[in-house]
Protein chains: 2
Amino acid sequence: MNAALGGETDGSAAAVRRRIRCGELTGQTSGLAPGKVQGNVAILPADWADEFLRFCLQNPKPCPVLAVGRPGRPELPSLGEDIDIRSDVARYRVFERGREVASPTDISAYWREDLVTFVLGCSFSFEWALIEAGLRLRHIERGSVVPMYRTSIATEPTERLSGPMVVSMRPFRPADAIRAIAISNRFPGVHGAPVHIGIPASIGITDLDRPDFGERIEIRGDELPVFWACGVTPQAVIEKARPPFFISHFPGSMLITDLANAALAV
Amino acid sequence: MNAALGGETDGSAAAVRRRIRCGELTGQTSGLAPGKVQGNVAILPADWADEFLRFCLQNPKPCPVLAVGRPGRPELPSLGEDIDIRSDVARYRVFERGREVASPTDISAYWREDLVTFVLGCSFSFEWALIEAGLRLRHIERGSVVPMYRTSIATEPTERLSGPMVVSMRPFRPADAIRAIAISNRFPGVHGAPVHIGIPASIGITDLDRPDFGERIEIRGDELPVFWACGVTPQAVIEKARPPFFISHFPGSMLITDLANAALAV
């Protein structure tokens with residue numbers, strides 16, 4: 001993991017953000033600043049922000065809110081004193097009316113006085129907790145992207161925001177699945193306990209080998225598929241709603257915060 | 001449930017024990033003294049007691065120790081000030097060299113100065129927590145005894161005590177199974193989280209319709225069987241070891257304590 005930081009010995013969140021800010025790191029953030037919370041980013045105009053916040057509070061499993069910025073302000077002091085959301089994510093996606101128009105490494109040129117930043121919890125944190133507890137995650141060992149699926153579970157809609165819950169899947173033997181449920185349940189701020197286990201057809205998943213996002217992963221005969229609510233859900237819901245303007249992090253390039261994953265446990 | 005108490009308005013644990021003590025209640029204790037912890041009882045000679053305690057501590061899921069009495073003493077002050085274990089269980093089983101020789105409602109005639117009483121947590125407590133959380137338990141709704149199975153999971157043995165873990169099974173839809181896992185995980189003193197879910201053959205159960213104890217229960221197509229470590233385990237282990245003398249509660253006739261189930265949550 002430290003190879004990604006080159007010769008840098010200071011792997012602190014602030015040090016990693018500094019390298020991202022100056023354009024030295026522009027890729028995936030998995031494994032950077034070990035033990036620190038990484039977050040999904042959604043930036044919306046103020047006239048959509050209140051509704052999105054309501055949507056998140058109505059759907060806390062796929063949309064666990066870690067922080068909300070003030071309108072027009074790029075700071076997120078509760079996540080890190082120095083954070084400037086315009087430069088501190090490695091890569092962004094900029095959408096206009098639902099269409100992606102750019103994927104820059106800095107959004108200063110797109111910043112507006114009416115933009116509100118949301119940072120949502122991410123699966124990296126509960127995966128950290130599972131690994132700390134000695135559980136093995138096959139997609140990480142294989143170096144692949146976790147498989148994700150659209151489900152038949154509807155999110156609780158607002159006026160303009162609605163759509164299916166997207167879930168990520170990790171296979172476990174039953175006793176490990178039970179431990180994974182108990183452990184992730186302690187982290188409601190980062191998706192919490194799974195939403196499903198074992199009978200994918202019950203949530204509208206017909207073929208585990210064909211995920212809607214990410215890559216397929218082997219499930220052995222003595223394993224059950226375990227499904228967690230996924231941060232792709234709000235992203236998909238917003239894209240579907242086609243707001244006039246919207247910025248998100250680029251998949252896999254999360255905001256690295258100063259919060260310790262361990263501090264999120266309840 | 002209060003019908004079982006006849007006209008008695010005082011359903012407190014002490015009041016129920018009083019009626020058991022005088023022989024007025026001699027049957028099942030399920031539903032009596034609502035919200036109070038009920039316990040499995042095992043009474044052994046001192047030269048077996050230390051080993052049994054070690055066995056329990058090595059196998060906390062099937063054998064969660066709530067209290068241990070002093071040798072020769074019938075009191076259990078941590079569970080209820082007035083408890084006299086010789087009279088306060090509705091019915092007992094008395095074993096000599098592994099053979100049941102009596103099933104009395106009072107064991108004063110069998111009491112000896114070398115006997116040590118163990119009270120172990122019981123599934124009633126976590127079932128209470130599941131019901132409080134709004135989950136439905138089919139065997140309770142059906143009025144049947146929960147199905148129990150010998151498994152291929154070995155307990156951690158001591159010199160003379162060994163044998164397979166016995167589990168109880170409750171069917172749930174997957175989302176409810178996840179809640180049941182998260183809730184029961186908060187009650188390690190009463191078996192805690194399940195030991196298995198979903199693939200019974202993995203733990204040596206070949207036919208769910210033929211439980212080793214209790215009664216079969218329907219599992220619907222959209223449900224998973226969920227398996228908890230069961231207090232029958234230590235009972236079976238002791239019976240197999242054939243100590244010269246052993247007393248247990250009669251199945252379903254537990255010791256009613258003053259502890260609140262809710263107080264066992266961690």
# chains A, B, ... in the order shown; residues from 1 in each chain; ligands from 1
>>> select_by_dssp(residues="region 135-240 of chain B", states="strand (DSSP E or B)", output="VMD selection string")
chain B and resid 148 to 154 164 to 172 196 to 197 213 224 to 229
>>> write_last_selection(atoms="C-alpha atoms", output="PDB file, in the first residue's frame")
ATOM      1  CA  MET B 148     -32.695 -28.551  17.932  1.00  0.00           C
ATOM      2  CA  TYR B 149     -29.950 -30.461  16.129  1.00  0.00           C
ATOM      3  CA  ARG B 150     -26.651 -32.145  16.978  1.00  0.00           C
ATOM      4  CA  THR B 151     -23.969 -30.638  14.749  1.00  0.00           C
ATOM      5  CA  SER B 152     -20.523 -31.581  13.465  1.00  0.00           C
ATOM      6  CA  ILE B 153     -19.148 -28.589  15.425  1.00  0.00           C
ATOM      7  CA  ALA B 154     -17.093 -30.077  18.280  1.00  0.00           C
ATOM      8  CA  PRO B 164     -20.953 -32.008  19.692  1.00  0.00           C
ATOM      9  CA  MET B 165     -22.507 -28.574  19.909  1.00  0.00           C
ATOM     10  CA  VAL B 166     -26.296 -28.705  19.859  1.00  0.00           C
ATOM     11  CA  VAL B 167     -28.007 -25.802  18.074  1.00  0.00           C
ATOM     12  CA  SER B 168     -31.549 -24.458  17.936  1.00  0.00           C
ATOM     13  CA  MET B 169     -32.979 -23.255  14.613  1.00  0.00           C
ATOM     14  CA  ARG B 170     -35.301 -20.374  13.793  1.00  0.00           C
ATOM     15  CA  PRO B 171     -36.270 -19.491  10.191  1.00  0.00           C
ATOM     16  CA  PHE B 172     -36.170 -15.864   9.067  1.00  0.00           C
ATOM     17  CA  HIS B 196     -24.518 -20.646  11.551  1.00  0.00           C
ATOM     18  CA  ILE B 197     -26.904 -19.506   8.834  1.00  0.00           C
ATOM     19  CA  PHE B 213     -34.749 -32.497  20.006  1.00  0.00           C
ATOM     20  CA  LEU B 224     -33.003 -19.001   5.717  1.00  0.00           C
ATOM     21  CA  PRO B 225     -32.531 -21.298   8.720  1.00  0.00           C
ATOM     22  CA  VAL B 226     -30.564 -19.504  11.445  1.00  0.00           C
ATOM     23  CA  PHE B 227     -28.784 -21.588  14.100  1.00  0.00           C
ATOM     24  CA  TRP B 228     -27.918 -20.560  17.650  1.00  0.00           C
ATOM     25  CA  ALA B 229     -25.753 -22.480  20.137  1.00  0.00           C
TER      26      ALA B 229
END
>>> interface_residues(of="chain B", to="chain A", cutoff="7 Å", atoms="only C-alpha atoms", output="number ranges by chain")
B: 174-175, 178, 181-182, 185, 195-198, 202, 222
>>> residues_around(residues="Ala49 (chain B)", least_positions_apart="4", cutoff="9 Å", atoms="only C-alpha atoms", output="ChimeraX atom specification")
/B:43-45,53-54,115-118
>>> select_by_dssp(residues="region 14-88 of chain A", states="alpha helix (DSSP H)", output="number ranges by chain")
A: 14-21, 46-58
>>> residues_around(residues="Leu79 (chain A)", least_positions_apart="2", cutoff="8 Å", atoms="only C-alpha atoms", output="JSON, numbers by chain")
{"A": [67, 76, 77, 81, 83, 257, 258, 259]}
>>> write_last_selection(atoms="N, CA and C atoms", output="PDB file, in the first residue's frame")
ATOM      1  N   ALA A  67     -20.740  14.434   6.531  1.00  0.00           N
ATOM      2  CA  ALA A  67     -20.585  15.888   6.683  1.00  0.00           C
ATOM      3  C   ALA A  67     -21.317  16.594   5.553  1.00  0.00           C
ATOM      4  N   LEU A  76     -14.514  21.685   4.972  1.00  0.00           N
ATOM      5  CA  LEU A  76     -15.260  20.639   5.710  1.00  0.00           C
ATOM      6  C   LEU A  76     -14.506  20.409   7.021  1.00  0.00           C
ATOM      7  N   PRO A  77     -14.589  21.387   7.931  1.00  0.00           N
ATOM      8  CA  PRO A  77     -13.709  21.358   9.116  1.00  0.00           C
ATOM      9  C   PRO A  77     -13.912  20.128  10.001  1.00  0.00           C
ATOM     10  N   GLU A  81      -9.066  19.909   9.096  1.00  0.00           N
ATOM     11  CA  GLU A  81      -8.995  21.381   9.185  1.00  0.00           C
ATOM     12  C   GLU A  81      -8.619  22.047   7.876  1.00  0.00           C
ATOM     13  N   ILE A  83      -9.060  20.905   4.758  1.00  0.00           N
ATOM     14  CA  ILE A  83      -9.708  20.403   3.536  1.00  0.00           C
ATOM     15  C   ILE A  83     -10.273  21.534   2.677  1.00  0.00           C
ATOM     16  N   THR A 257     -10.246  11.629   4.847  1.00  0.00           N
ATOM     17  CA  THR A 257     -10.509  12.511   5.985  1.00  0.00           C
ATOM     18  C   THR A 257      -9.539  12.219   7.134  1.00  0.00           C
ATOM     19  N   ASP A 258      -9.583  13.089   8.136  1.00  0.00           N
ATOM     20  CA  ASP A 258      -8.754  12.877   9.340  1.00  0.00           C
ATOM     21  C   ASP A 258      -9.424  11.936  10.343  1.00  0.00           C
ATOM     22  N   LEU A 259     -10.682  11.567  10.104  1.00  0.00           N
ATOM     23  CA  LEU A 259     -11.381  10.704  11.064  1.00  0.00           C
ATOM     24  C   LEU A 259     -10.793   9.301  11.043  1.00  0.00           C
TER      25      LEU A 259
END
>>> residues_around(residues="region 34-40 of chain B", least_positions_apart="3", cutoff="6 Å", atoms="only C-alpha atoms", output="ChimeraX atom specification")
/B:31,119-122,125,254-257,259-261
>>> residues_around(residues="Pro157 (chain B)", least_positions_apart="6", cutoff="9 Å", atoms="only C-alpha atoms", output="PyMOL selection string")
chain B and resi 55+58-59+163
>>> residues_around(residues="Lys61 (chain A)", least_positions_apart="3", cutoff="8 Å", atoms="only C-alpha atoms", output="ChimeraX atom specification")
/A:64,188,190-192,229-230
>>> write_last_selection(atoms="C-alpha atoms", output="PDB file, in the first residue's frame")
ATOM      1  CA  PRO A  64     -24.866   7.715   5.431  1.00  0.00           C
ATOM      2  CA  PRO A 188     -23.952   2.665  10.857  1.00  0.00           C
ATOM      3  CA  VAL A 190     -20.555   3.693   6.752  1.00  0.00           C
ATOM      4  CA  HIS A 191     -23.493   1.562   5.508  1.00  0.00           C
ATOM      5  CA  GLY A 192     -23.813  -0.522   8.710  1.00  0.00           C
ATOM      6  CA  ALA A 229     -26.133  -0.997   0.765  1.00  0.00           C
ATOM      7  CA  CYS A 230     -23.727   0.827  -1.529  1.00  0.00           C
TER       8      CYS A 230
END
